[in-house]
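A.B. asks: If it helps, the file is called start_5.csv and holds CSV, N, CA and C atoms:
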chain,number,residue,atom,x,y,z
A,526,GLU,N,121.9,97.1,139.4
A,526,GLU,CA,121.1,98.3,139.2
A,526,GLU,C,121.4,98.8,137.8
A,527,VAL,N,120.3,99.0,137.0
A,527,VAL,CA,120.5,99.6,135.7
A,527,VAL,C,120.7,101.1,135.8
A,528,GLN,N,121.8,101.6,135.2
A,528,GLN,CA,122.1,103.0,135.2
A,528,GLN,C,122.4,103.5,133.8
A,529,LEU,N,121.9,104.6,133.4
A,529,LEU,CA,122.2,105.3,132.2
A,529,LEU,C,122.5,106.8,132.5
A,530,ALA,N,123.6,107.3,132.0
A,530,ALA,CA,124.0,108.6,132.3
A,530,ALA,C,124.5,109.3,131.0
A,531,GLU,N,123.7,110.4,130.6
A,531,GLU,CA,124.0,111.1,129.4
A,531,GLU,C,125.0,112.3,129.7
A,532,SER,N,125.7,112.6,128.7
A,532,SER,CA,126.6,113.8,128.8
A,532,SER,C,126.9,114.4,127.4
A,533,GLY,N,127.4,115.5,127.4
A,533,GLY,CA,127.8,116.1,126.1
A,533,GLY,C,126.9,117.3,125.7
A,534,GLY,N,125.8,117.5,126.4
A,534,GLY,CA,125.0,118.6,126.0
A,534,GLY,C,125.6,119.9,126.2
A,535,ASP,N,125.2,120.9,125.4
A,535,ASP,CA,125.8,122.3,125.5
A,535,ASP,C,125.0,123.3,124.8
A,536,LEU,N,125.4,124.5,124.9
A,536,LEU,CA,124.9,125.6,124.1
A,536,LEU,C,125.7,125.8,122.8
A,537,VAL,N,125.0,125.7,121.7
A,537,VAL,CA,125.7,125.8,120.4
A,537,VAL,C,124.9,126.7,119.5
A,538,GLN,N,125.6,127.2,118.5
A,538,GLN,CA,124.9,128.1,117.5
A,538,GLN,C,124.3,127.2,116.4
A,539,VAL,N,123.3,127.8,115.7
A,539,VAL,CA,122.7,127.1,114.5
A,539,VAL,C,123.8,126.7,113.6
A,540,GLY,N,123.7,125.4,113.1
A,540,GLY,CA,124.7,124.9,112.2
A,540,GLY,C,125.9,124.2,112.9
A,541,GLY,N,125.9,124.3,114.2
A,541,GLY,CA,126.9,123.6,115.0
A,541,GLY,C,126.7,122.1,115.2
A,542,SER,N,127.7,121.5,115.9
A,542,SER,CA,127.7,120.1,116.1
A,542,SER,C,127.9,119.8,117.6
A,543,LEU,N,127.4,118.7,118.0
A,543,LEU,CA,127.6,118.1,119.3
A,543,LEU,C,127.6,116.6,119.2
A,544,ARG,N,128.3,116.0,120.2
A,544,ARG,CA,128.3,114.6,120.3
A,544,ARG,C,127.8,114.2,121.7
A,545,LEU,N,126.7,113.6,121.8
A,545,LEU,CA,126.2,113.1,123.1
A,545,LEU,C,126.7,111.7,123.4
A,546,SER,N,126.9,111.4,124.7
A,546,SER,CA,127.3,110.1,125.1
A,546,SER,C,126.3,109.6,126.2
A,547,CYS,N,126.2,108.3,126.2
A,547,CYS,CA,125.4,107.7,127.3
A,547,CYS,C,126.1,106.5,127.8
A,548,THR,N,126.6,106.6,129.0
A,548,THR,CA,127.3,105.5,129.6
A,548,THR,C,126.3,104.6,130.4
A,549,THR,N,126.5,103.3,130.3
A,549,THR,CA,125.5,102.5,131.0
A,549,THR,C,126.2,101.4,131.8
A,550,SER,N,125.4,100.9,132.7
A,550,SER,CA,125.9,99.8,133.6
A,550,SER,C,124.7,99.0,134.1
A,551,GLY,N,124.9,97.8,134.6
A,551,GLY,CA,123.9,97.1,135.3
A,551,GLY,C,123.1,96.1,134.4
A,552,PHE,N,123.5,96.1,133.1
A,552,PHE,CA,122.8,95.1,132.2
A,552,PHE,C,123.8,94.8,131.0
A,553,ILE,N,123.5,93.8,130.3
A,553,ILE,CA,124.4,93.4,129.2
A,553,ILE,C,124.1,94.3,128.0
A,554,PHE,N,124.8,95.4,127.9
A,554,PHE,CA,124.5,96.4,126.9
A,554,PHE,C,124.4,95.9,125.5
A,555,SER,N,125.3,95.0,125.1
A,555,SER,CA,125.4,94.5,123.7
A,555,SER,C,124.1,93.8,123.3
A,556,ARG,N,123.3,93.4,124.2
A,556,ARG,CA,122.1,92.5,123.8
A,556,ARG,C,120.9,93.3,123.6
A,557,PHE,N,120.9,94.6,123.8
A,557,PHE,CA,119.7,95.4,123.8
A,557,PHE,C,119.7,96.6,122.9
A,558,GLN,N,118.5,96.8,122.3
A,558,GLN,CA,118.3,98.1,121.5
A,558,GLN,C,118.4,99.3,122.4
A,559,MET,N,119.1,100.3,121.9
A,559,MET,CA,119.2,101.6,122.6
A,559,MET,C,118.6,102.7,121.8
A,560,THR,N,118.1,103.7,122.6
A,560,THR,CA,117.3,104.7,121.9
A,560,THR,C,117.6,106.1,122.5
A,561,TRP,N,117.6,107.1,121.7
A,561,TRP,CA,117.6,108.5,122.1
A,561,TRP,C,116.2,109.1,121.9
A,562,VAL,N,115.8,109.8,123.0
A,562,VAL,CA,114.5,110.5,122.9
A,562,VAL,C,114.9,111.9,123.4
A,563,ARG,N,114.0,112.9,123.1
A,563,ARG,CA,114.2,114.3,123.6
A,563,ARG,C,112.9,114.9,124.0
A,564,GLN,N,113.1,115.9,124.8
A,564,GLN,CA,111.9,116.7,125.3
A,564,GLN,C,112.2,118.1,125.1
A,565,ALA,N,111.5,118.8,124.2
A,565,ALA,CA,111.6,120.2,124.0
A,565,ALA,C,110.9,120.9,125.1
A,566,PRO,N,111.2,122.2,125.3
A,566,PRO,CA,110.5,123.0,126.4
A,566,PRO,C,109.0,122.9,126.3
A,567,GLY,N,108.3,122.5,127.3
A,567,GLY,CA,106.9,122.6,127.3
A,567,GLY,C,106.2,121.5,126.5
A,568,LYS,N,107.0,120.5,126.0
A,568,LYS,CA,106.4,119.4,125.2
A,568,LYS,C,106.7,118.1,125.8
A,569,GLY,N,106.1,117.0,125.2
A,569,GLY,CA,106.3,115.7,125.6
A,569,GLY,C,107.6,115.1,125.0
A,570,LEU,N,107.8,113.8,125.4
A,570,LEU,CA,109.0,113.1,124.9
A,570,LEU,C,108.8,112.7,123.4
A,571,ASP,N,109.8,112.9,122.6
A,571,ASP,CA,109.8,112.6,121.2
A,571,ASP,C,110.9,111.6,120.9
A,572,TRP,N,110.6,110.5,120.2
A,572,TRP,CA,111.6,109.6,119.8
A,572,TRP,C,112.5,110.2,118.7
A,573,VAL,N,113.9,110.0,118.9
A,573,VAL,CA,114.8,110.6,117.9
A,573,VAL,C,115.5,109.5,117.1
A,574,SER,N,116.0,108.5,117.7
A,574,SER,CA,116.8,107.5,117.0
A,574,SER,C,116.9,106.2,117.8
A,575,SER,N,117.1,105.1,117.2
A,575,SER,CA,117.3,103.8,117.8
A,575,SER,C,118.4,103.0,117.1
A,576,ILE,N,119.1,102.2,117.9
A,576,ILE,CA,120.0,101.3,117.3
A,576,ILE,C,119.8,99.9,117.9
A,577,ASP,N,119.7,98.9,117.1
A,577,ASP,CA,119.4,97.6,117.8
A,577,ASP,C,120.8,96.9,118.1
A,578,ALA,N,120.6,95.7,118.6
A,578,ALA,CA,121.8,95.0,119.0
A,578,ALA,C,122.7,94.6,117.9
A,579,GLY,N,122.2,94.5,116.7
A,579,GLY,CA,122.9,94.2,115.5
A,579,GLY,C,123.5,95.5,114.8
A,580,GLY,N,123.2,96.6,115.3
A,580,GLY,CA,123.8,97.9,114.7
A,580,GLY,C,122.9,98.5,113.7
A,581,ARG,N,121.7,98.0,113.5
A,581,ARG,CA,120.7,98.6,112.6
A,581,ARG,C,120.2,99.9,113.2
A,582,THR,N,120.1,100.9,112.4
A,582,THR,CA,119.7,102.2,113.0
A,582,THR,C,118.4,102.8,112.3
A,583,ARG,N,117.7,103.6,113.1
A,583,ARG,CA,116.5,104.2,112.6
A,583,ARG,C,116.5,105.7,113.2
A,584,TYR,N,115.9,106.6,112.4
A,584,TYR,CA,115.8,108.0,112.8
A,584,TYR,C,114.5,108.6,112.5
A,585,THR,N,114.1,109.5,113.3
A,585,THR,CA,112.9,110.3,113.0
A,585,THR,C,113.3,111.2,111.8
A,586,ASP,N,112.3,111.5,111.0
A,586,ASP,CA,112.5,112.2,109.7
A,586,ASP,C,113.3,113.5,109.9
A,587,SER,N,113.0,114.2,111.0
A,587,SER,CA,113.5,115.6,111.2
A,587,SER,C,115.0,115.6,111.4
A,588,VAL,N,115.6,114.4,111.7
A,588,VAL,CA,117.1,114.4,112.0
A,588,VAL,C,117.8,113.6,111.0
A,589,LYS,N,117.1,112.9,110.1
A,589,LYS,CA,117.8,112.1,109.1
A,589,LYS,C,118.8,112.9,108.3
A,590,GLY,N,120.0,112.4,108.1
A,590,GLY,CA,121.0,113.1,107.4
A,590,GLY,C,121.8,114.0,108.3
A,591,ARG,N,121.4,114.3,109.5
A,591,ARG,CA,122.1,115.2,110.4
A,591,ARG,C,122.6,114.5,111.6
A,592,PHE,N,121.9,113.6,112.1
A,592,PHE,CA,122.3,112.9,113.3
A,592,PHE,C,122.7,111.5,113.0
A,593,THR,N,123.7,111.0,113.8
A,593,THR,CA,124.1,109.6,113.6
A,593,THR,C,124.2,108.9,115.0
A,594,ILE,N,123.5,107.8,115.1
A,594,ILE,CA,123.5,107.1,116.4
A,594,ILE,C,124.5,105.9,116.2
A,595,SER,N,125.3,105.7,117.3
A,595,SER,CA,126.2,104.6,117.2
A,595,SER,C,126.4,104.0,118.7
A,596,ARG,N,127.0,102.9,118.7
A,596,ARG,CA,127.2,102.2,120.0
A,596,ARG,C,128.6,101.6,120.0
A,597,ASP,N,129.2,101.6,121.2
A,597,ASP,CA,130.5,100.9,121.5
A,597,ASP,C,130.2,99.8,122.5
A,598,ASP,N,130.0,98.6,122.1
A,598,ASP,CA,129.6,97.6,123.0
A,598,ASP,C,130.7,97.2,124.0
A,599,ALA,N,132.0,97.5,123.6
A,599,ALA,CA,133.1,97.2,124.5
A,599,ALA,C,133.1,98.2,125.7
A,600,LYS,N,132.6,99.4,125.4
A,600,LYS,CA,132.5,100.5,126.4
A,600,LYS,C,131.2,100.6,127.1
A,601,ASN,N,130.2,99.8,126.6
A,601,ASN,CA,128.8,99.9,127.1
A,601,ASN,C,128.3,101.4,127.0
A,602,THR,N,128.6,102.0,125.9
A,602,THR,CA,128.3,103.4,125.7
A,602,THR,C,127.5,103.6,124.3
A,603,LEU,N,126.6,104.5,124.4
A,603,LEU,CA,125.8,104.9,123.3
A,603,LEU,C,126.1,106.3,122.9
A,604,TYR,N,126.1,106.6,121.6
A,604,TYR,CA,126.5,108.0,121.2
A,604,TYR,C,125.4,108.5,120.2
A,605,LEU,N,125.4,109.9,120.2
A,605,LEU,CA,124.5,110.5,119.2
A,605,LEU,C,125.4,111.7,118.6
A,606,GLU,N,125.8,111.6,117.4
A,606,GLU,CA,126.5,112.7,116.7
A,606,GLU,C,125.5,113.5,116.1
A,607,MET,N,125.5,114.8,116.4
A,607,MET,CA,124.5,115.7,115.9
A,607,MET,C,125.2,116.8,115.1
A,608,ASN,N,124.9,117.0,113.9
A,608,ASN,CA,125.4,118.0,113.0
A,608,ASN,C,124.4,118.9,112.4
A,609,ASP,N,124.8,120.1,111.9
A,609,ASP,CA,123.8,121.0,111.3
A,609,ASP,C,122.7,121.3,112.3
A,610,LEU,N,123.0,121.6,113.5
A,610,LEU,CA,121.9,121.7,114.5
A,610,LEU,C,121.0,122.9,114.2
A,611,LYS,N,119.7,122.7,114.5
A,611,LYS,CA,118.7,123.8,114.3
A,611,LYS,C,118.1,124.2,115.6
A,612,THR,N,117.5,125.3,115.6
A,612,THR,CA,116.9,125.8,116.9
A,612,THR,C,115.8,124.8,117.4
A,613,GLU,N,115.2,124.1,116.5
A,613,GLU,CA,114.1,123.1,116.9
A,613,GLU,C,114.7,121.8,117.5
A,614,ASP,N,116.0,121.7,117.5
A,614,ASP,CA,116.7,120.6,118.1
A,614,ASP,C,116.9,120.9,119.6
A,615,THR,N,116.6,122.1,120.1
A,615,THR,CA,116.7,122.4,121.5
A,615,THR,C,115.8,121.5,122.3
A,616,ALA,N,116.4,120.8,123.3
A,616,ALA,CA,115.7,119.9,124.1
A,616,ALA,C,116.6,119.3,125.1
A,617,VAL,N,116.0,118.6,126.0
A,617,VAL,CA,116.8,117.7,126.9
A,617,VAL,C,116.8,116.3,126.2
A,618,TYR,N,117.9,115.8,126.1
A,618,TYR,CA,118.1,114.5,125.4
A,618,TYR,C,118.4,113.4,126.4
A,619,PHE,N,117.6,112.3,126.2
A,619,PHE,CA,117.7,111.2,127.1
A,619,PHE,C,118.1,109.9,126.3
A,620,CYS,N,118.9,109.1,126.9
A,620,CYS,CA,119.1,107.7,126.3
A,620,CYS,C,118.1,106.8,127.1
A,621,ALA,N,117.7,105.8,126.4
A,621,ALA,CA,116.7,104.9,127.0
A,621,ALA,C,116.9,103.5,126.5
A,622,THR,N,116.4,102.5,127.3
A,622,THR,CA,116.3,101.2,126.8
A,622,THR,C,115.2,100.5,127.5
A,623,LYS,N,114.8,99.4,126.9
A,623,LYS,CA,113.7,98.5,127.5
A,623,LYS,C,114.3,97.2,127.7
A,624,LEU,N,114.3,96.8,128.9
A,624,LEU,CA,114.9,95.5,129.3
A,624,LEU,C,113.7,94.6,129.7
A,625,TYR,N,113.3,93.7,128.8
A,625,TYR,CA,112.2,92.8,129.1
A,625,TYR,C,111.0,93.7,129.3
A,626,TYR,N,110.4,93.7,130.6
A,626,TYR,CA,109.2,94.5,130.8
A,626,TYR,C,109.4,95.9,131.4
A,627,ASN,N,110.7,96.3,131.6
A,627,ASN,CA,110.9,97.5,132.2
A,627,ASN,C,111.6,98.5,131.3
A,628,GLU,N,111.3,99.8,131.4
A,628,GLU,CA,111.9,100.8,130.6
A,628,GLU,C,112.8,101.7,131.5
A,629,TYR,N,113.9,102.0,131.0
A,629,TYR,CA,114.9,102.8,131.8
A,629,TYR,C,115.3,104.0,130.9
A,630,ARG,N,115.6,105.1,131.6
A,630,ARG,CA,116.0,106.4,131.0
A,630,ARG,C,117.0,107.1,131.9
A,631,GLY,N,117.9,107.8,131.3
A,631,GLY,CA,118.9,108.5,132.1
A,631,GLY,C,118.3,109.9,132.6
A,632,GLN,N,119.1,110.7,133.2
A,632,GLN,CA,118.6,112.0,133.7
A,632,GLN,C,118.6,113.1,132.7
A,633,GLY,N,119.2,112.8,131.5
A,633,GLY,CA,119.1,113.8,130.4
A,633,GLY,C,120.3,114.7,130.4
A,634,THR,N,120.5,115.3,129.2
A,634,THR,CA,121.5,116.3,129.0
A,634,THR,C,120.9,117.4,128.1
A,635,GLN,N,121.1,118.6,128.5
A,635,GLN,CA,120.5,119.8,127.8
A,635,GLN,C,121.3,120.2,126.6
A,636,VAL,N,120.5,120.2,125.5
A,636,VAL,CA,121.1,120.8,124.2
A,636,VAL,C,120.3,122.0,123.9
A,637,THR,N,121.0,123.1,123.7
A,637,THR,CA,120.4,124.4,123.4
A,637,THR,C,121.1,124.9,122.1
A,638,VAL,N,120.2,125.2,121.1
A,638,VAL,CA,120.7,125.7,119.9
A,638,VAL,C,120.2,127.1,119.7
A,639,SER,N,121.2,128.0,119.6
A,639,SER,CA,120.8,129.5,119.5
A,639,SER,C,121.0,130.0,118.1
A,640,SER,N,120.2,131.0,117.8
A,640,SER,CA,120.3,131.6,116.5
A,640,SER,C,121.1,132.9,116.6
The structure given in the file should be rewritten as structure tokens.

C.D. replies:
Amino acid sequence: EVQLAESGGDLVQVGGSLRLSCTTSGFIFSRFQMTWVRQAPGKGLDWVSSIDAGGRTRYTDSVKGRFTISRDDAKNTLYLEMNDLKTEDTAVYFCATKLYYNEYRGQGTQVTVSS
């Protein structure tokens, strides 16, 4: 059974930092692209960042230079280092992956940035 579990969300002030983690099981983590998406209050899911199996990374423009995605294939874990947080980063953050024809997402972790 594929499982993804996010952690690390918290309430922080503007300019603060957080590190999100996503532990996974049930699939060969190292072979698949991993993604972070987020859902702000009252809005739909927005793509944040992805890292492929080779370690190549992509970011949405609004987080470039502030967020860093990484992966530890030995630990089957995905990370998102978030710095210089802004109020508009407030959202539930989900890690996600697509395995062949199926998409999987964790339960999410809440990030709240207060001014």

A.B. asks: So what do you get for CA of Gln635 in chain A versus atom C of Ser555 in chain A, distance-wise?

C.D. replies: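 Rounded to one decimal, the two atoms are 26.6 Å apart.
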
A.B. asks: What lies within 8 Å of Thr548 in chain A using only C-alpha atoms, ignoring chain neighbours under 5 positions off, as number ranges by chain?

C.D. replies: A: 529-531, 600-603

A.B. asks: Smallest atom-to-atom distance to Lys611 in chain A: which of A:Ser639, A:Gly533, A:Gln632, A:Asp586, using all atoms listed in the file?

C.D. replies: A:Ser639

A.B. asks: With a distance cut-off of 8 Å and only C-alpha atoms, select the neighbouring residues of Glu526 in chain A, excluding the residue or stretch itself and same-chain residues fewer than 4 positions from it, and output the selection as an mmCIF file with N, CA and C atoms, in the frame of the given file.

C.D. replies:
data_model
loop_
_atom_site.group_PDB
_atom_site.id
_atom_site.type_symbol
_atom_site.label_atom_id
_atom_site.label_comp_id
_atom_site.auth_asym_id
_atom_site.auth_seq_id
_atom_site.Cartn_x
_atom_site.Cartn_y
_atom_site.Cartn_z
ATOM 1 N N SER A 550 125.400 100.900 132.700
ATOM 2 C CA SER A 550 125.900 99.800 133.600
ATOM 3 C C SER A 550 124.700 99.000 134.100
ATOM 4 N N GLY A 551 124.900 97.800 134.600
ATOM 5 C CA GLY A 551 123.900 97.100 135.300
ATOM 6 C C GLY A 551 123.100 96.100 134.400
ATOM 7 N N PHE A 552 123.500 96.100 133.100
ATOM 8 C CA PHE A 552 122.800 95.100 132.200
ATOM 9 C C PHE A 552 123.800 94.800 131.000
#

A.B. asks: Once DSSP has gone over the backbone, tell me which residues of chain A are in strand (DSSP E or B), as a PyMOL selection string.

C.D. replies: chain A and resi 528-532+536-538+543-550+559-564+570-576+582-584+592-597+602-607+616-624+627-630+634-639

A.B. asks: Could you check which of A:Val588, A:Cys620, A:Leu545, A:Leu570 is closest to Leu605 in chain A, using only N, CA and C atoms?

C.D. replies: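 Closest to Leu605 in chain A of all the choices is A:Leu545.
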
A.B. asks: Going by DSSP on the backbone, which residues of range 531-618 of chain A come out as helix (DSSP H, G or I)? List them as a PyMOL selection string.

C.D. replies: chain A and resi 554-556+586-588+612-614

A.B. asks: Using all atoms listed in the file, pick whichever of A:Val527, A:Val537, A:Met559, A:Ile576 has the shortest atom-to-atom distance to Thr622 in chain A.

C.D. replies: A:Met559

A.B. asks: So, counting only C-alpha atoms, which residue among A:Met607, A:Ile594, A:Val636, A:Ala599 is closest to Ser574 in chain A?

C.D. replies: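 Among A:Met607, A:Ile594, A:Val636, A:Ala599, it is A:Ile594 that comes nearest to Ser574 in chain A.
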
A.B. asks: Which one of A:Ala621, A:Ser640, A:Ser575, A:Tyr629 sits closest to Cys547 in chain A if you count only N, CA and C atoms?

C.D. replies: A:Ala621

A.B. asks: Would you mind telling me which residue in A:Gln558, A:Ser542, A:Thr582, A:Thr634 lies nearest to Asn608 in chain A when using only N, CA and C atoms?

C.D. replies: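 Between A:Gln558, A:Ser542, A:Thr582, A:Thr634, the residue approaching Asn608 in chain A most closely is A:Ser542.
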
A.B. asks: Can you measure CA of Phe554 in chain A to CA of Asp598 in chain A for me? One decimal in Å is fine.

C.D. replies: 6.5 Å

A.B. asks: Do you know which residues lie at most 7 Å from (119.1, 123.3, 114.1), with coordinates as in the file and all atoms listed in the file counted, and could you write them as a list of chain:residue names?

C.D. replies: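 Nearby residues: A:Gln538, A:Val539, A:Gly540, A:Gly541, A:Asp609, A:Leu610, A:Lys611, A:Thr612, A:Glu613, A:Asp614, A:Thr615, A:Val638.
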
A.B. asks: Please return range 588-599 of chain A, rebuilt to all heavy atoms, as a PDB file, in the coordinates of the input.

C.D. replies:
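Generated output (selection.pdb):
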ATOM      1  N   VAL A 588     115.600 114.400 111.700  1.00  0.00           N
ATOM      2  CA  VAL A 588     117.100 114.400 112.000  1.00  0.00           C
ATOM      3  C   VAL A 588     117.800 113.600 111.000  1.00  0.00           C
ATOM      4  O   VAL A 588     119.060 113.503 111.046  1.00  0.00           O
ATOM      5  CB  VAL A 588     117.362 113.893 113.432  1.00  0.00           C
ATOM      6  CG1 VAL A 588     116.556 114.669 114.462  1.00  0.00           C
ATOM      7  CG2 VAL A 588     117.132 112.399 113.574  1.00  0.00           C
ATOM      8  N   LYS A 589     117.100 112.900 110.100  1.00  0.00           N
ATOM      9  CA  LYS A 589     117.800 112.100 109.100  1.00  0.00           C
ATOM     10  C   LYS A 589     118.800 112.900 108.300  1.00  0.00           C
ATOM     11  O   LYS A 589     118.516 114.026 107.848  1.00  0.00           O
ATOM     12  CB  LYS A 589     116.788 111.467 108.136  1.00  0.00           C
ATOM     13  CG  LYS A 589     116.036 110.301 108.732  1.00  0.00           C
ATOM     14  CD  LYS A 589     115.049 109.723 107.740  1.00  0.00           C
ATOM     15  CE  LYS A 589     114.261 108.569 108.350  1.00  0.00           C
ATOM     16  NZ  LYS A 589     113.240 108.045 107.431  1.00  0.00           N
ATOM     17  N   GLY A 590     120.000 112.400 108.100  1.00  0.00           N
ATOM     18  CA  GLY A 590     121.000 113.100 107.400  1.00  0.00           C
ATOM     19  C   GLY A 590     121.800 114.000 108.300  1.00  0.00           C
ATOM     20  O   GLY A 590     122.887 114.541 107.811  1.00  0.00           O
ATOM     21  N   ARG A 591     121.400 114.300 109.500  1.00  0.00           N
ATOM     22  CA  ARG A 591     122.100 115.200 110.400  1.00  0.00           C
ATOM     23  C   ARG A 591     122.600 114.500 111.600  1.00  0.00           C
ATOM     24  O   ARG A 591     123.677 114.891 112.113  1.00  0.00           O
ATOM     25  CB  ARG A 591     121.162 116.382 110.776  1.00  0.00           C
ATOM     26  CG  ARG A 591     120.631 117.203 109.629  1.00  0.00           C
ATOM     27  CD  ARG A 591     119.909 118.449 110.119  1.00  0.00           C
ATOM     28  NE  ARG A 591     118.724 118.140 110.936  1.00  0.00           N
ATOM     29  CZ  ARG A 591     118.561 118.535 112.199  1.00  0.00           C
ATOM     30  NH1 ARG A 591     119.491 119.254 112.799  1.00  0.00           N
ATOM     31  NH2 ARG A 591     117.444 118.220 112.852  1.00  0.00           N
ATOM     32  N   PHE A 592     121.900 113.600 112.100  1.00  0.00           N
ATOM     33  CA  PHE A 592     122.300 112.900 113.300  1.00  0.00           C
ATOM     34  C   PHE A 592     122.700 111.500 113.000  1.00  0.00           C
ATOM     35  O   PHE A 592     122.184 110.827 112.073  1.00  0.00           O
ATOM     36  CB  PHE A 592     121.073 112.772 114.300  1.00  0.00           C
ATOM     37  CG  PHE A 592     120.635 114.056 114.947  1.00  0.00           C
ATOM     38  CD1 PHE A 592     121.106 115.283 114.516  1.00  0.00           C
ATOM     39  CD2 PHE A 592     119.735 114.035 116.003  1.00  0.00           C
ATOM     40  CE1 PHE A 592     120.695 116.472 115.115  1.00  0.00           C
ATOM     41  CE2 PHE A 592     119.311 115.204 116.618  1.00  0.00           C
ATOM     42  CZ  PHE A 592     119.789 116.426 116.163  1.00  0.00           C
ATOM     43  N   THR A 593     123.700 111.000 113.800  1.00  0.00           N
ATOM     44  CA  THR A 593     124.100 109.600 113.600  1.00  0.00           C
ATOM     45  C   THR A 593     124.200 108.900 115.000  1.00  0.00           C
ATOM     46  O   THR A 593     124.885 109.421 115.891  1.00  0.00           O
ATOM     47  CB  THR A 593     125.506 109.531 112.971  1.00  0.00           C
ATOM     48  OG1 THR A 593     125.461 110.171 111.699  1.00  0.00           O
ATOM     49  CG2 THR A 593     125.951 108.085 112.789  1.00  0.00           C
ATOM     50  N   ILE A 594     123.500 107.800 115.100  1.00  0.00           N
ATOM     51  CA  ILE A 594     123.500 107.100 116.400  1.00  0.00           C
ATOM     52  C   ILE A 594     124.500 105.900 116.200  1.00  0.00           C
ATOM     53  O   ILE A 594     124.687 105.375 115.124  1.00  0.00           O
ATOM     54  CB  ILE A 594     122.123 106.506 116.715  1.00  0.00           C
ATOM     55  CG1 ILE A 594     122.088 105.914 118.121  1.00  0.00           C
ATOM     56  CG2 ILE A 594     121.668 105.496 115.672  1.00  0.00           C
ATOM     57  CD1 ILE A 594     120.688 105.523 118.595  1.00  0.00           C
ATOM     58  N   SER A 595     125.300 105.700 117.300  1.00  0.00           N
ATOM     59  CA  SER A 595     126.200 104.600 117.200  1.00  0.00           C
ATOM     60  C   SER A 595     126.400 104.000 118.700  1.00  0.00           C
ATOM     61  O   SER A 595     125.934 104.607 119.622  1.00  0.00           O
ATOM     62  CB  SER A 595     127.567 105.035 116.684  1.00  0.00           C
ATOM     63  OG  SER A 595     128.128 106.034 117.511  1.00  0.00           O
ATOM     64  N   ARG A 596     127.000 102.900 118.700  1.00  0.00           N
ATOM     65  CA  ARG A 596     127.200 102.200 120.000  1.00  0.00           C
ATOM     66  C   ARG A 596     128.600 101.600 120.000  1.00  0.00           C
ATOM     67  O   ARG A 596     129.111 101.119 119.011  1.00  0.00           O
ATOM     68  CB  ARG A 596     126.156 101.194 120.269  1.00  0.00           C
ATOM     69  CG  ARG A 596     126.107 100.038 119.277  1.00  0.00           C
ATOM     70  CD  ARG A 596     124.836  99.195 119.443  1.00  0.00           C
ATOM     71  NE  ARG A 596     124.746  98.592 120.771  1.00  0.00           N
ATOM     72  CZ  ARG A 596     123.617  98.183 121.322  1.00  0.00           C
ATOM     73  NH1 ARG A 596     122.464  98.313 120.663  1.00  0.00           N
ATOM     74  NH2 ARG A 596     123.627  97.637 122.512  1.00  0.00           N
ATOM     75  N   ASP A 597     129.200 101.600 121.200  1.00  0.00           N
ATOM     76  CA  ASP A 597     130.500 100.900 121.500  1.00  0.00           C
ATOM     77  C   ASP A 597     130.200  99.800 122.500  1.00  0.00           C
ATOM     78  O   ASP A 597     130.138 100.157 123.723  1.00  0.00           O
ATOM     79  CB  ASP A 597     131.532 101.855 121.892  1.00  0.00           C
ATOM     80  CG  ASP A 597     132.902 101.202 122.014  1.00  0.00           C
ATOM     81  OD1 ASP A 597     132.973  99.977 122.257  1.00  0.00           O
ATOM     82  OD2 ASP A 597     133.904 101.928 121.898  1.00  0.00           O
ATOM     83  N   ASP A 598     130.000  98.600 122.100  1.00  0.00           N
ATOM     84  CA  ASP A 598     129.600  97.600 123.000  1.00  0.00           C
ATOM     85  C   ASP A 598     130.700  97.200 124.000  1.00  0.00           C
ATOM     86  O   ASP A 598     130.474  96.815 125.144  1.00  0.00           O
ATOM     87  CB  ASP A 598     129.177  96.300 122.296  1.00  0.00           C
ATOM     88  CG  ASP A 598     127.840  96.457 121.572  1.00  0.00           C
ATOM     89  OD1 ASP A 598     127.128  97.427 121.868  1.00  0.00           O
ATOM     90  OD2 ASP A 598     127.532  95.609 120.703  1.00  0.00           O
ATOM     91  N   ALA A 599     132.000  97.500 123.600  1.00  0.00           N
ATOM     92  CA  ALA A 599     133.100  97.200 124.500  1.00  0.00           C
ATOM     93  C   ALA A 599     133.100  98.200 125.700  1.00  0.00           C
ATOM     94  O   ALA A 599     133.603  97.907 126.754  1.00  0.00           O
ATOM     95  CB  ALA A 599     134.392  97.292 123.748  1.00  0.00           C
TER      96      ALA A 599
END
